[in-house]
Every structure is written in structure tokens, then in C-alpha cells.
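Quick look at data_38.cif (mmCIF, C-alpha atoms):
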data_structure
loop_
_atom_site.group_PDB
_atom_site.id
_atom_site.type_symbol
_atom_site.label_atom_id
_atom_site.label_comp_id
_atom_site.auth_asym_id
_atom_site.auth_seq_id
_atom_site.Cartn_x
_atom_site.Cartn_y
_atom_site.Cartn_z
ATOM 1 C CA MET A 1 99.469 87.656 65.423
ATOM 2 C CA ASP A 2 99.486 84.668 63.190
ATOM 3 C CA GLN A 3 97.989 81.341 64.064
ATOM 4 C CA GLN A 4 101.146 79.790 65.513
ATOM 5 C CA THR A 5 101.613 82.652 67.966
ATOM 6 C CA LEU A 6 98.000 82.391 69.065
ATOM 7 C CA LEU A 7 98.462 78.688 69.548
ATOM 8 C CA ALA A 8 101.604 79.242 71.624
ATOM 9 C CA VAL A 9 99.835 81.834 73.812
ATOM 10 C CA ALA A 10 96.865 79.527 74.323
ATOM 11 C CA SER A 11 99.141 76.569 75.123
ATOM 12 C CA ILE A 12 101.203 78.420 77.706
ATOM 13 C CA VAL A 13 98.176 79.955 79.431
ATOM 14 C CA THR A 14 96.389 76.617 79.433
ATOM 15 C CA ALA A 15 99.438 74.818 80.813
ATOM 16 C CA GLY A 16 99.610 77.282 83.705
ATOM 17 C CA LEU A 17 95.898 76.961 84.379
ATOM 18 C CA THR A 18 96.105 73.150 84.177
ATOM 19 C CA ILE A 19 98.816 72.762 86.752
ATOM 20 C CA SER A 20 97.491 75.456 89.102
ATOM 21 C CA ILE A 21 93.851 74.360 89.161
ATOM 22 C CA GLY A 22 94.795 70.715 88.964
ATOM 23 C CA SER A 23 96.970 70.857 92.061
ATOM 24 C CA ILE A 24 94.316 72.440 94.297
ATOM 25 C CA GLY A 25 92.239 69.291 94.695
ATOM 26 C CA PRO A 26 95.061 66.833 95.359
ATOM 27 C CA ALA A 27 96.680 69.267 97.809
ATOM 28 C CA LEU A 28 93.489 69.538 99.859
ATOM 29 C CA GLY A 29 92.924 65.786 99.655
ATOM 30 C CA GLU A 30 96.467 64.886 100.653
ATOM 31 C CA GLY A 31 96.357 67.307 103.560
ATOM 32 C CA ARG A 32 93.165 65.745 104.844
ATOM 33 C CA ALA A 33 94.481 62.216 104.406
ATOM 34 C CA LEU A 34 97.748 63.049 106.184
ATOM 35 C CA ALA A 35 95.947 64.739 109.084
ATOM 36 C CA GLN A 36 93.635 61.755 109.504
ATOM 37 C CA ALA A 37 96.538 59.321 109.363
ATOM 38 C CA LEU A 38 98.478 61.290 111.989
ATOM 39 C CA ALA A 39 95.435 61.328 114.239
ATOM 40 C CA ALA A 40 95.028 57.584 113.751
ATOM 41 C CA ILE A 41 98.686 56.906 114.555
ATOM 42 C CA ALA A 42 98.423 59.098 117.666
ATOM 43 C CA GLN A 43 95.424 57.077 118.819
ATOM 44 C CA GLN A 44 96.779 53.648 117.911
ATOM 45 C CA PRO A 45 100.570 53.650 117.708
ATOM 46 C CA ASP A 46 100.586 49.854 117.412
ATOM 47 C CA GLU A 47 98.911 50.021 114.030
ATOM 48 C CA ALA A 48 101.454 52.506 112.663
ATOM 49 C CA ASN A 49 102.811 50.026 110.097
ATOM 50 C CA THR A 50 99.468 49.310 108.481
ATOM 51 C CA ILE A 51 98.424 52.954 108.613
ATOM 52 C CA THR A 52 101.657 54.132 107.037
ATOM 53 C CA ARG A 53 101.476 51.586 104.231
ATOM 54 C CA THR A 54 97.865 52.417 103.439
ATOM 55 C CA LEU A 55 98.662 56.115 103.696
ATOM 56 C CA PHE A 56 101.468 55.888 101.154
ATOM 57 C CA VAL A 57 99.374 53.936 98.685
ATOM 58 C CA GLY A 58 96.440 56.291 99.171
ATOM 59 C CA LEU A 59 98.610 59.384 98.825
ATOM 60 C CA ALA A 60 100.049 58.048 95.592
ATOM 61 C CA MET A 61 96.594 57.463 94.201
ATOM 62 C CA VAL A 62 95.435 60.949 95.230
ATOM 63 C CA GLU A 63 98.596 62.459 93.863
ATOM 64 C CA SER A 64 98.189 60.766 90.506
ATOM 65 C CA THR A 65 95.482 63.264 89.528
ATOM 66 C CA ALA A 66 98.010 66.069 90.013
ATOM 67 C CA ILE A 67 100.532 64.022 88.056
ATOM 68 C CA TYR A 68 98.075 63.711 85.165
ATOM 69 C CA CYS A 69 97.705 67.486 85.132
ATOM 70 C CA PHE A 70 101.481 67.843 85.184
ATOM 71 C CA VAL A 71 101.866 65.465 82.258
ATOM 72 C CA VAL A 72 99.230 67.360 80.284
ATOM 73 C CA ALA A 73 100.959 70.675 81.043
ATOM 74 C CA MET A 74 104.320 69.251 79.975
ATOM 75 C CA ILE A 75 102.824 67.939 76.743
ATOM 76 C CA LEU A 76 101.286 71.354 76.053
ATOM 77 C CA LEU A 77 104.593 73.099 76.673
ATOM 78 C CA PHE A 78 107.223 70.810 75.181
ATOM 79 C CA ALA A 79 105.498 68.258 72.957
ATOM 80 C CA ASN A 80 102.500 70.117 71.610
ATOM 81 C CA PRO A 81 101.149 68.065 68.713
ATOM 82 C CA TYR A 82 99.634 71.117 66.953
ATOM 83 C CA MET A 83 102.783 73.176 66.999
ATOM 84 C CA ASN A 84 105.061 72.703 63.976
ATOM 85 C CA SER A 85 108.349 74.100 65.148
ATOM 86 C CA MET B 1 114.231 76.029 77.539
ATOM 87 C CA SER B 2 113.489 74.155 74.364
ATOM 88 C CA GLU B 3 116.264 71.625 74.924
ATOM 89 C CA ILE B 4 114.329 70.020 77.768
ATOM 90 C CA GLN B 5 113.273 66.588 76.601
ATOM 91 C CA ILE B 6 110.289 65.045 78.269
ATOM 92 C CA SER B 7 111.258 61.682 76.867
ATOM 93 C CA PRO B 8 114.622 59.905 76.797
ATOM 94 C CA ASP B 9 113.504 58.077 73.660
ATOM 95 C CA GLU B 10 115.823 59.920 71.291
ATOM 96 C CA PRO B 11 117.546 57.477 68.930
ATOM 97 C CA LEU B 12 121.106 56.905 70.029
ATOM 98 C CA TRP B 13 122.413 54.511 67.412
ATOM 99 C CA GLN B 14 120.813 53.242 64.270
ATOM 100 C CA TRP B 15 121.777 50.379 62.001
ATOM 101 C CA GLY B 16 119.239 49.695 59.296
ATOM 102 C CA PRO B 17 115.896 48.903 60.951
ATOM 103 C CA VAL B 18 117.585 48.370 64.323
ATOM 104 C CA LEU B 19 117.185 51.482 66.453
ATOM 105 C CA VAL B 20 118.695 51.772 69.890
ATOM 106 C CA ASN B 21 117.677 54.586 72.212
ATOM 107 C CA ARG B 22 118.769 55.591 75.691
ATOM 108 C CA THR B 23 115.848 53.900 77.387
ATOM 109 C CA LEU B 24 116.817 50.576 75.854
ATOM 110 C CA VAL B 25 120.473 50.931 76.800
ATOM 111 C CA PHE B 26 119.783 51.869 80.407
ATOM 112 C CA THR B 27 117.114 49.204 80.820
ATOM 113 C CA TRP B 28 119.653 46.617 79.719
ATOM 114 C CA ILE B 29 122.190 48.094 82.133
ATOM 115 C CA VAL B 30 119.707 47.732 85.006
ATOM 116 C CA MET B 31 118.960 44.158 83.953
ATOM 117 C CA LEU B 32 122.677 43.358 83.774
ATOM 118 C CA VAL B 33 123.284 44.882 87.213
ATOM 119 C CA LEU B 34 120.440 42.849 88.722
ATOM 120 C CA THR B 35 121.567 39.623 87.058
ATOM 121 C CA ILE B 36 125.246 39.943 87.899
ATOM 122 C CA VAL B 37 124.660 41.049 91.483
ATOM 123 C CA SER B 38 122.223 38.236 92.177
ATOM 124 C CA TRP B 39 124.543 35.714 90.484
ATOM 125 C CA ILE B 40 127.419 36.830 92.699
ATOM 126 C CA LEU B 41 125.293 36.868 95.848
ATOM 127 C CA THR B 42 123.659 33.460 95.316
ATOM 128 C CA ARG B 43 126.795 31.508 94.439
ATOM 129 C CA ARG B 44 127.396 30.320 97.984
ATOM 130 C CA LEU B 45 124.033 29.920 99.695
ATOM 131 C CA GLN B 46 123.795 27.717 102.738
ATOM 132 C CA THR B 47 120.798 26.301 104.551
ATOM 133 C CA VAL B 48 122.574 25.646 107.866
ATOM 134 C CA PRO B 49 125.278 27.806 109.391
ATOM 135 C CA SER B 50 128.531 26.150 108.395
ATOM 136 C CA GLN B 51 130.950 24.788 111.007
ATOM 137 C CA GLN B 52 133.928 23.388 109.219
ATOM 138 C CA THR B 53 136.436 23.525 112.089
ATOM 139 C CA ASP B 54 136.428 20.607 114.517
ATOM 140 C CA GLN B 55 134.901 21.234 117.917
ATOM 141 C CA ASP B 56 137.645 19.455 119.910
ATOM 142 C CA ASP B 57 140.293 22.060 119.420
ATOM 143 C CA PRO B 58 139.706 24.871 121.937
ATOM 144 C CA ASN B 59 142.103 27.130 120.039
ATOM 145 C CA ALA B 60 139.801 27.152 117.014
ATOM 146 C CA GLN B 61 136.938 28.660 118.975
ATOM 147 C CA PRO B 62 136.987 32.231 117.535
ATOM 148 C CA ALA B 63 137.324 30.975 113.973
ATOM 149 C CA CYS B 64 134.521 28.517 114.547
ATOM 150 C CA ARG B 65 132.255 31.221 115.922
ATOM 151 C CA LYS B 66 133.060 33.424 112.994
ATOM 152 C CA SER B 67 132.400 30.785 110.346
ATOM 153 C CA SER B 68 129.177 29.627 111.976
ATOM 154 C CA LEU B 69 127.453 32.817 110.874
ATOM 155 C CA LEU B 70 125.624 33.260 107.609
ATOM 156 C CA SER B 71 127.394 35.346 105.029
ATOM 157 C CA GLY B 72 126.443 39.011 104.764
ATOM 158 C CA ALA B 73 125.180 38.602 101.224
ATOM 159 C CA GLN B 74 122.829 35.839 102.245
ATOM 160 C CA ASN B 75 121.575 37.900 105.178
ATOM 161 C CA LEU B 76 120.812 40.782 102.815
ATOM 162 C CA LEU B 77 118.974 38.503 100.408
ATOM 163 C CA GLU B 78 116.993 36.874 103.194
ATOM 164 C CA VAL B 79 115.948 40.236 104.592
ATOM 165 C CA MET B 80 114.762 41.366 101.172
ATOM 166 C CA VAL B 81 112.918 38.167 100.279
ATOM 167 C CA SER B 82 111.262 37.789 103.654
ATOM 168 C CA GLY B 83 110.254 41.447 103.627
ATOM 169 C CA LEU B 84 108.665 40.997 100.204
ATOM 170 C CA ARG B 85 106.919 37.825 101.359
ATOM 171 C CA THR B 86 105.517 39.569 104.443
ATOM 172 C CA GLN B 87 104.175 42.465 102.401
ATOM 173 C CA ILE B 88 102.598 40.132 99.832
ATOM 174 C CA ARG B 89 101.067 37.977 102.536
ATOM 175 C CA GLU B 90 99.567 41.001 104.273
ATOM 176 C CA ILE B 91 97.981 42.228 101.050
ATOM 177 C CA SER B 92 96.787 38.963 99.553
ATOM 178 C CA GLU B 93 95.991 37.211 102.863
ATOM 179 C CA ASP B 94 97.241 34.107 101.123
ATOM 180 C CA ASP B 95 100.343 32.089 100.399
ATOM 181 C CA PRO B 96 102.833 34.588 98.917
ATOM 182 C CA ASP B 97 104.846 32.093 96.858
ATOM 183 C CA PRO B 98 102.914 32.233 93.539
ATOM 184 C CA PHE B 99 103.115 36.040 93.459
ATOM 185 C CA LEU B 100 106.660 36.480 94.744
ATOM 186 C CA GLY B 101 108.312 36.001 91.356
ATOM 187 C CA PHE B 102 106.232 38.572 89.502
ATOM 188 C CA VAL B 103 105.761 41.260 92.141
ATOM 189 C CA GLY B 104 109.264 40.854 93.533
ATOM 190 C CA THR B 105 110.824 41.193 90.095
ATOM 191 C CA ILE B 106 108.841 44.357 89.390
ATOM 192 C CA PHE B 107 109.816 45.841 92.730
ATOM 193 C CA LEU B 108 113.506 45.007 92.409
ATOM 194 C CA PHE B 109 113.691 46.274 88.834
ATOM 195 C CA LEU B 110 111.940 49.552 89.645
ATOM 196 C CA ALA B 111 113.893 50.116 92.849
ATOM 197 C CA THR B 112 117.223 49.502 91.108
ATOM 198 C CA ALA B 113 116.295 51.648 88.125
ATOM 199 C CA ASN B 114 115.067 54.529 90.274
ATOM 200 C CA LEU B 115 117.945 54.401 92.756
ATOM 201 C CA LEU B 116 120.598 54.295 90.040
ATOM 202 C CA ALA B 117 119.492 57.847 89.216
ATOM 203 C CA ILE B 118 122.231 59.097 91.564
ATOM 204 C CA VAL B 119 124.879 57.738 89.199
ATOM 205 C CA PRO B 120 125.932 60.695 87.017
ATOM 206 C CA GLY B 121 125.004 60.204 83.394
ATOM 207 C CA PHE B 122 122.464 57.530 84.140
ATOM 208 C CA GLN B 123 119.102 58.330 82.626
ATOM 209 C CA VAL B 124 116.265 56.705 84.519
ATOM 210 C CA PRO B 125 114.554 54.291 82.110
ATOM 211 C CA THR B 126 111.246 54.604 83.971
ATOM 212 C CA ALA B 127 111.103 58.285 82.996
ATOM 213 C CA SER B 128 110.090 57.063 79.549
ATOM 214 C CA LEU B 129 106.459 56.273 78.869
ATOM 215 C CA SER B 130 107.520 53.152 76.953
ATOM 216 C CA THR B 131 109.038 51.467 80.002
ATOM 217 C CA SER B 132 106.208 52.244 82.387
ATOM 218 C CA ALA B 133 103.588 51.324 79.787
ATOM 219 C CA ALA B 134 105.343 48.003 79.217
ATOM 220 C CA LEU B 135 105.381 47.259 82.942
ATOM 221 C CA ALA B 136 101.722 48.245 83.269
ATOM 222 C CA THR B 137 100.913 45.942 80.343
ATOM 223 C CA CYS B 138 102.674 43.119 82.187
ATOM 224 C CA VAL B 139 100.378 43.754 85.159
ATOM 225 C CA PHE B 140 97.368 43.967 82.824
ATOM 226 C CA VAL B 141 98.217 40.516 81.427
ATOM 227 C CA ALA B 142 99.238 38.992 84.739
ATOM 228 C CA VAL B 143 95.994 39.837 86.567
ATOM 229 C CA PRO B 144 93.700 37.600 84.443
ATOM 230 C CA MET B 145 96.401 34.919 84.272
ATOM 231 C CA TYR B 146 96.549 34.605 88.041
ATOM 232 C CA GLY B 147 92.766 34.869 88.267
ATOM 233 C CA ILE B 148 92.165 32.126 85.702
ATOM 234 C CA ARG B 149 94.776 29.874 87.254
ATOM 235 C CA ARG B 150 93.149 30.248 90.649
ATOM 236 C CA LYS B 151 89.461 30.169 89.744
ATOM 237 C CA GLY B 152 89.149 28.664 86.277
ATOM 238 C CA PHE B 153 88.255 30.443 83.057
ATOM 239 C CA PHE B 154 84.479 30.829 83.389
ATOM 240 C CA ASP B 155 84.507 31.562 87.092
ATOM 241 C CA TYR B 156 87.005 34.317 86.424
ATOM 242 C CA LEU B 157 84.874 35.835 83.661
ATOM 243 C CA LYS B 158 81.837 35.688 85.932
ATOM 244 C CA GLN B 159 83.312 38.308 88.231
ATOM 245 C CA TYR B 160 82.999 40.890 85.456
ATOM 246 C CA ARG B 161 79.235 40.801 85.833
ATOM 247 C CA GLN B 162 79.359 41.458 89.553
ATOM 248 C CA PRO B 163 77.172 42.861 91.064
ATOM 249 C CA SER B 164 74.877 42.930 88.030
ATOM 250 C CA ILE B 165 75.209 42.508 84.263
ATOM 251 C CA PHE B 166 74.868 46.270 83.742
ATOM 252 C CA MET B 167 78.203 46.788 85.405
ATOM 253 C CA LEU B 168 80.022 44.837 82.685
ATOM 254 C CA PRO B 169 81.178 47.842 80.608
ATOM 255 C CA PHE B 170 82.248 49.730 83.715
ATOM 256 C CA ASN B 171 84.269 46.785 84.962
ATOM 257 C CA ILE B 172 86.049 46.568 81.613
ATOM 258 C CA ILE B 173 86.654 50.341 81.534
ATOM 259 C CA GLY B 174 87.979 50.145 85.081
ATOM 260 C CA GLU B 175 90.387 47.400 84.072
ATOM 261 C CA LEU B 176 91.745 49.503 81.195
ATOM 262 C CA SER B 177 91.856 52.830 83.011
ATOM 263 C CA ARG B 178 93.735 51.490 85.988
ATOM 264 C CA THR B 179 96.395 50.150 83.625
ATOM 265 C CA LEU B 180 96.670 53.611 82.070
ATOM 266 C CA ALA B 181 96.809 55.177 85.531
ATOM 267 C CA LEU B 182 99.553 52.765 86.589
ATOM 268 C CA ALA B 183 101.660 53.666 83.552
ATOM 269 C CA VAL B 184 101.129 57.426 83.688
ATOM 270 C CA ARG B 185 101.657 57.610 87.460
ATOM 271 C CA LEU B 186 105.096 56.019 87.306
ATOM 272 C CA TYR B 187 106.071 57.927 84.165
ATOM 273 C CA GLY B 188 104.827 61.272 85.496
ATOM 274 C CA ASN B 189 106.551 60.946 88.839
ATOM 275 C CA MET B 190 109.909 59.938 87.421
ATOM 276 C CA MET B 191 109.738 62.389 84.515
ATOM 277 C CA SER B 192 108.788 65.265 86.807
ATOM 278 C CA GLY B 193 111.926 64.680 88.865
ATOM 279 C CA THR B 194 114.113 64.966 85.779
ATOM 280 C CA VAL B 195 112.294 67.986 84.373
ATOM 281 C CA ILE B 196 112.224 69.880 87.673
ATOM 282 C CA ALA B 197 115.947 69.252 88.160
ATOM 283 C CA ALA B 198 116.596 70.565 84.639
ATOM 284 C CA ILE B 199 114.464 73.670 85.198
ATOM 285 C CA LEU B 200 116.061 74.405 88.590
ATOM 286 C CA LEU B 201 119.529 74.074 87.073
ATOM 287 C CA GLY B 202 118.563 77.069 84.937
ATOM 288 C CA PHE B 203 118.180 79.574 87.762
ATOM 289 C CA VAL B 204 119.475 78.088 91.045
ATOM 290 C CA PRO B 205 122.376 75.885 89.947
ATOM 291 C CA LEU B 206 123.814 75.606 93.478
ATOM 292 C CA PHE B 207 122.558 73.152 96.136
ATOM 293 C CA VAL B 208 118.842 73.215 95.261
ATOM 294 C CA PRO B 209 119.115 70.620 92.453
ATOM 295 C CA VAL B 210 120.968 68.363 94.893
ATOM 296 C CA LEU B 211 118.091 68.607 97.344
ATOM 297 C CA MET B 212 115.626 67.858 94.573
ATOM 298 C CA GLN B 213 117.748 64.873 93.588
ATOM 299 C CA LEU B 214 117.611 63.581 97.155
ATOM 300 C CA PHE B 215 113.871 64.056 97.131
ATOM 301 C CA GLY B 216 113.812 62.249 93.794
ATOM 302 C CA LEU B 217 115.450 59.205 95.404
ATOM 303 C CA LEU B 218 112.651 59.109 97.985
ATOM 304 C CA THR B 219 110.031 59.517 95.273
ATOM 305 C CA GLY B 220 111.605 56.776 93.187
ATOM 306 C CA MET B 221 111.619 54.323 96.075
ATOM 307 C CA ILE B 222 108.005 55.147 96.994
ATOM 308 C CA GLN B 223 106.922 54.796 93.373
ATOM 309 C CA ALA B 224 108.612 51.394 93.095
ATOM 310 C CA TYR B 225 106.832 50.337 96.287
ATOM 311 C CA ILE B 226 103.490 51.702 95.145
ATOM 312 C CA PHE B 227 103.708 50.142 91.704
ATOM 313 C CA SER B 228 104.344 46.692 93.132
ATOM 314 C CA VAL B 229 101.767 47.103 95.907
ATOM 315 C CA LEU B 230 99.124 48.179 93.405
ATOM 316 C CA ALA B 231 100.010 45.272 91.103
ATOM 317 C CA MET B 232 99.638 42.965 94.092
ATOM 318 C CA VAL B 233 96.323 44.552 95.081
ATOM 319 C CA TYR B 234 94.959 44.071 91.556
ATOM 320 C CA ILE B 235 96.136 40.465 91.435
ATOM 321 C CA ALA B 236 94.728 39.801 94.895
ATOM 322 C CA SER B 237 91.341 41.211 93.931
ATOM 323 C CA ALA B 238 91.301 38.929 90.888
ATOM 324 C CA THR B 239 92.331 35.793 92.763
ATOM 325 C CA ARG B 240 90.280 36.232 95.919
ATOM 326 C CA VAL B 241 87.669 33.520 96.207
ATOM 327 C CA GLN B 242 84.412 34.847 97.570
ATOM 328 C CA ASN B 243 82.896 32.680 100.230
#
In C-alpha cells, how does this file's structure come out?
Amino acid sequence: MDQQTLLAVASIVTAGLTISIGSIGPALGEGRALAQALAAIAQQPDEANTITRTLFVGLAMVESTAIYCFVVAMILLFANPYMNS
Amino acid sequence: MSEIQISPDEPLWQWGPVLVNRTLVFTWIVMLVLTIVSWILTRRLQTVPSQQTDQDDPNAQPACRKSSLLSGAQNLLEVMVSGLRTQIREISEDDPDPFLGFVGTIFLFLATANLLAIVPGFQVPTASLSTSAALATCVFVAVPMYGIRRKGFFDYLKQYRQPSIFMLPFNIIGELSRTLALAVRLYGNMMSGTVIAAILLGFVPLFVPVLMQLFGLLTGMIQAYIFSVLAMVYIASATRVQN
């Protein structure tokens, strides 16, 4: 195996690891946030507007960590700066 | 698989040093759509419901009732503007007028750009890092501008050494990293929609890409909302006067 092949193997394995490990945390966090928001809406239906707005903003901020991992995985797969092909 | 592009920034047309890529073309299309639609809709605005028929004639009653309503275009515009104003007022707890131009423009541009993704052949300009980085830079510049206009130059700079002078580097890093996060969040969300649709086309070409496209519309709308809400939150935290 020459160096390019090794690099490709390492990139693909790392991309898989990045997206799989990187989505564990946001998934747990989003689940918790959603459950809490549903409980809050069930307790106070009048505040549903505020809760929903804050929930969406919060979910987007939690989700952005997963999005960073996705971007890194995509860069490793399709725009790898060390691969000259 | 190698034909998947994660950036629509391929050069489309080149003439000497002038280089036009897809992102540029579709951004201009979105701008044209916004300008033309708002020009058409705002040509006949009215502050009072018009009643041009005379009241004495009882036969003119239905026509009079009909013409005394606001036009549909104006109703649509009023719903949008008042919705934006309510959201801004709830976030900033302040008069929404100074922020409406900036935040409203960002929201309308992003919403139009992301919703036009259903048009076949349209490539979403926000799926390019250039567009989202440019918008995030606008927010990065606008936050101190609003802060300085509200509080004055030195009072604005003073908030960087809150709560103590040792927090100064962290405040500056926070300012930079949230700009980066703003750009990469929008870019990643929009780009992931395109890439996932392209990958799914490879092995389930029937129905599933359509569902993902529908989901992409929802994501695009939420991202437009979140981008403008976060811009407003940043501006509000810079302009809030501590009592």
C-alpha cells in the first residue's frame, strides 16, 4: 500500500468515526431538550409559543455540534486537502 | 460518488479576471425576485381602506364593501412585517424599528433562498460557505455598530471587560467563534440537504429523495428563522443597557 491508499483508508475510517461519535452527544442532548420542552408545554400550554421558539433556537445550537462533525466528515471524504487526485 | 460537489462554487463563466459562479448567479436571482416582488406589492399601498363609490347610491353597496377592504398584497406584507416586529420586540424587549431593516432583510433573503430550493435547477446559494460566511460577517459588523450607536464608543468597549479584565480574551474569542458557528451552521445544514439528496438518488431514486426535499424545506425555513433570531439575540446583548 502506498501512501495515498493509506491516506484514503485513514480518511474514510476517520470520517465514519467522526460522524458516528459526533452524533451521539447531540442526539442525547436534543432528546433531553425535547422531552423537557414537551413536559413544560403539558404543564403550561399558555406558554407554548415562547417554549417552542426557545426550543427551536436551542435545538439548532445543540445540533450545530453534529453539523460541525458532518462538515468535517464531508471535507475528509470529498475535499481532503492532503489527497492529490 | 466523486461527482458530488460539496460546494456550488465551480466557475460557470469567465471573462478575464471576472469570474462568475453558480452561487453568484443564484444570489442575484434571489435578490431580483425579492426586489421585483416587493416593488409590485408596494406600488399601491393605502393607509385607510379606500371607499371611492358614493354612499348615497344603495345599488353600489356590494362594490363599496368590496373596495373598502385592503388589497391582498398589502395584507400579506402587513402580516409579515408585524410578525417580524413582534418577534424582534420579544427578543430585544425594546423598540423593534432600528433592527427591523437588518434582521428582516436577513430573514427574507434566507427564507426566499432556502424555499426556492423546490424550483428544479435552482442551486441554493446558502449551501456555499461564501454566502453564509458573508452573512455572518454582516452580523459580526452589525453587532458593534448597533452597540456603539446605542451606548457610545467607550461604553461599548467597556462591556468586553465584564465581569473582570481577565475575561477580555475570552470575550473576544467568543465574539469570533460565534461568527464562525453562525456561518458553519447555516452552510452545514443547507449543504447536508443537498448532499443527502444526491446520495439517496444513488440507491433509492424513487420517493425517498422527495421526502428528504420536503424535510429540506422545513430545515431551510428553520435555519432562516434561527439565523435571524441569533443575529437579533447578539445585537440585543450588545445594545442592552444594564441598569
Starting from the PyMOL selection byres ((chain B) within 7 of (chain A)), expand the selection into actual residues of this file and give them as a list in words.
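Taken over the shown coordinates, the PyMOL selection byres ((chain B) within 7 of (chain A)) returns Arg185, Gly188, Asn189 and Ile226 of chain B.
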Expressed in Å to a single decimal, how great is the separation between CA of Phe99 (chain B) and CA of Trp39 (chain B)?
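Taking CA of Phe99 (chain B) as the start and CA of Trp39 (chain B) as the end point, the length is 21.6 Å.
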Counting all atoms listed in the file, figure out which residue out of B:Leu168, B:Ala127, B:Arg149, B:Val204 gets nearest to Met191 (chain B).
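Looking only at the distances to Met191 (chain B), the closest residue turns out to be B:Ala127.
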Starting from the displayed file, determine the output of the PyMOL selection byres ((chain B and resi 240) around 9) and express the residue list as a short mmCIF file (atom, residue, chain, number, x, y, z; two decimals) with C-alpha atoms, in the coordinates of the input.
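That gives us expr_28.cif:
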data_model
loop_
_atom_site.label_atom_id
_atom_site.label_comp_id
_atom_site.auth_asym_id
_atom_site.auth_seq_id
_atom_site.Cartn_x
_atom_site.Cartn_y
_atom_site.Cartn_z
CA SER B 92 96.79 38.96 99.55
CA ASP B 94 97.24 34.11 101.12
CA GLY B 147 92.77 34.87 88.27
CA ARG B 150 93.15 30.25 90.65
CA LYS B 151 89.46 30.17 89.74
CA ILE B 235 96.14 40.47 91.44
CA ALA B 236 94.73 39.80 94.90
CA SER B 237 91.34 41.21 93.93
CA ALA B 238 91.30 38.93 90.89
CA THR B 239 92.33 35.79 92.76
CA VAL B 241 87.67 33.52 96.21
CA GLN B 242 84.41 34.85 97.57
#
Looking at all atoms listed in the file, which of B:Ile118, B:Val184, B:Ile222, B:Leu76 is the one that sits closest to Pro209 (chain B)?
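Among the listed residues, B:Ile118 lies closest to Pro209 (chain B).
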Kindly indicate which residue among B:Val79, B:Met145, B:Val30, B:Leu180 lies nearest to Ser132 (chain B), using all atoms listed in the file for the distances.
B:Leu180
Find the residues around Leu116 (chain B) up to 10 Å (all atoms listed in the file counted), leave out those fewer than 6 positions away in its own chain, and share them as a PyMOL selection string.
chain B and resi 26+30+110+122-125+217+220
Same residues, C-alpha atoms, saved as a compact mmCIF listing (two decimals), in the frame of the given file:
# COMPACT_ATOMS: atom_id res chain seq x y z
CA PHE B 26 119.78 51.87 80.41
CA VAL B 30 119.71 47.73 85.01
CA LEU B 110 111.94 49.55 89.64
CA PHE B 122 122.46 57.53 84.14
CA GLN B 123 119.10 58.33 82.63
CA VAL B 124 116.26 56.70 84.52
CA PRO B 125 114.55 54.29 82.11
CA LEU B 217 115.45 59.20 95.40
CA GLY B 220 111.60 56.78 93.19
Using CA of Thr126 (chain B) and CA of Cys138 (chain B) as the two end points, give the distance in Å to one decimal.
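The value is 14.4 Å.
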Between B:Phe207, B:Phe107, B:Tyr156, B:Phe227, which one has atoms that come closest to Leu186 (chain B), using only C-alpha atoms?
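Of B:Phe207, B:Phe107, B:Tyr156, B:Phe227, the one nearest Leu186 (chain B) is B:Phe227, counting only C-alpha atoms.
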Would you compute the distance between CA of Glu47 (chain A) and CA of Leu100 (chain B)? Give it in Å to one decimal.
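That distance, rounded to one decimal, is 24.8 Å.
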Hits from the PyMOL selection byres ((chain A and resi 51) around 12), listed as a compact mmCIF listing (two decimals) with C-alpha atoms, in the coordinates of the input:
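Okay, this is what ended up in expr.txt:
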# COMPACT_ATOMS: atom_id res chain seq x y z
CA ALA A 33 94.48 62.22 104.41
CA LEU A 34 97.75 63.05 106.18
CA GLN A 36 93.64 61.76 109.50
CA ALA A 37 96.54 59.32 109.36
CA LEU A 38 98.48 61.29 111.99
CA ALA A 39 95.44 61.33 114.24
CA ALA A 40 95.03 57.58 113.75
CA ILE A 41 98.69 56.91 114.56
CA ALA A 42 98.42 59.10 117.67
CA GLN A 43 95.42 57.08 118.82
CA GLN A 44 96.78 53.65 117.91
CA PRO A 45 100.57 53.65 117.71
CA ASP A 46 100.59 49.85 117.41
CA GLU A 47 98.91 50.02 114.03
CA ALA A 48 101.45 52.51 112.66
CA ASN A 49 102.81 50.03 110.10
CA THR A 50 99.47 49.31 108.48
CA THR A 52 101.66 54.13 107.04
CA ARG A 53 101.48 51.59 104.23
CA THR A 54 97.86 52.42 103.44
CA LEU A 55 98.66 56.12 103.70
CA PHE A 56 101.47 55.89 101.15
CA VAL A 57 99.37 53.94 98.68
CA GLY A 58 96.44 56.29 99.17
CA LEU A 59 98.61 59.38 98.82
Kindly extract all protein, DNA and RNA residues lying within 12 Å of the coordinates (121.5, 50.9, 74.1) given in the file, considering only C-alpha atoms, and supply them as a list in words.
Pro8, Asp9, Glu10, Pro11, Leu12, Trp13, Gln14, Val18, Leu19, Val20, Asn21, Arg22, Thr23, Leu24, Val25, Phe26, Thr27, Trp28, Ile29, Val30, Gln123 and Pro125 of chain B
Val139 (chain B): which residues within 12 Å, counting all atoms listed in the file, same-chain residues fewer than 6 positions away excluded, as a VMD selection string?
chain B and resid 99 102 to 103 105 to 106 132 to 133 145 to 146 175 to 176 178 to 183 227 to 236 238
Just the residues within 10 Å of Gln4 (chain A), please, counting all atoms listed in the file, with nothing from its chain fewer than 5 positions along; format it as a ChimeraX atom specification.
/A:9-10,82-85
Take the residues that were just selected and, keeping C-alpha atoms, output them as a tab-separated table (two decimals), in the frame of the given file.
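Written out: again_18.tsv:
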chain	number	residue	atom	x	y	z
A	9	VAL	CA	99.84	81.83	73.81
A	10	ALA	CA	96.86	79.53	74.32
A	82	TYR	CA	99.63	71.12	66.95
A	83	MET	CA	102.78	73.18	67.00
A	84	ASN	CA	105.06	72.70	63.98
A	85	SER	CA	108.35	74.10	65.15
Enclose region 16-27 of chain A, meaning all of its atoms listed in the file, in a box aligned along x, y and z, pad it by 6 Å on each side, and list the centre and edge lengths in Å to one decimal, as AutoDock Vina command-line options.
--center_x 95.9 --center_y 72.1 --center_z 90.8 --size_x 19.4 --size_y 22.4 --size_z 26.1
Looking at all atoms listed in the file, which of A:Asp2, A:Gly16, A:Leu7, A:Gly25 is the one that sits closest to Ala73 (chain A)?
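Of the candidates, the smallest distance to Ala73 (chain A) is held by A:Gly16.
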Shell of 6 Å around Pro26 (chain A), only C-alpha atoms, local chain residues under 3 positions omitted, as a list in words
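That gives Ser23, Gly29, Glu30, Val62 and Glu63 of chain A.
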Which of these residues is nearest to Ser177 (chain B), using only C-alpha atoms: B:Phe153, B:Phe215, B:Tyr160, B:Phe140?
B:Phe140
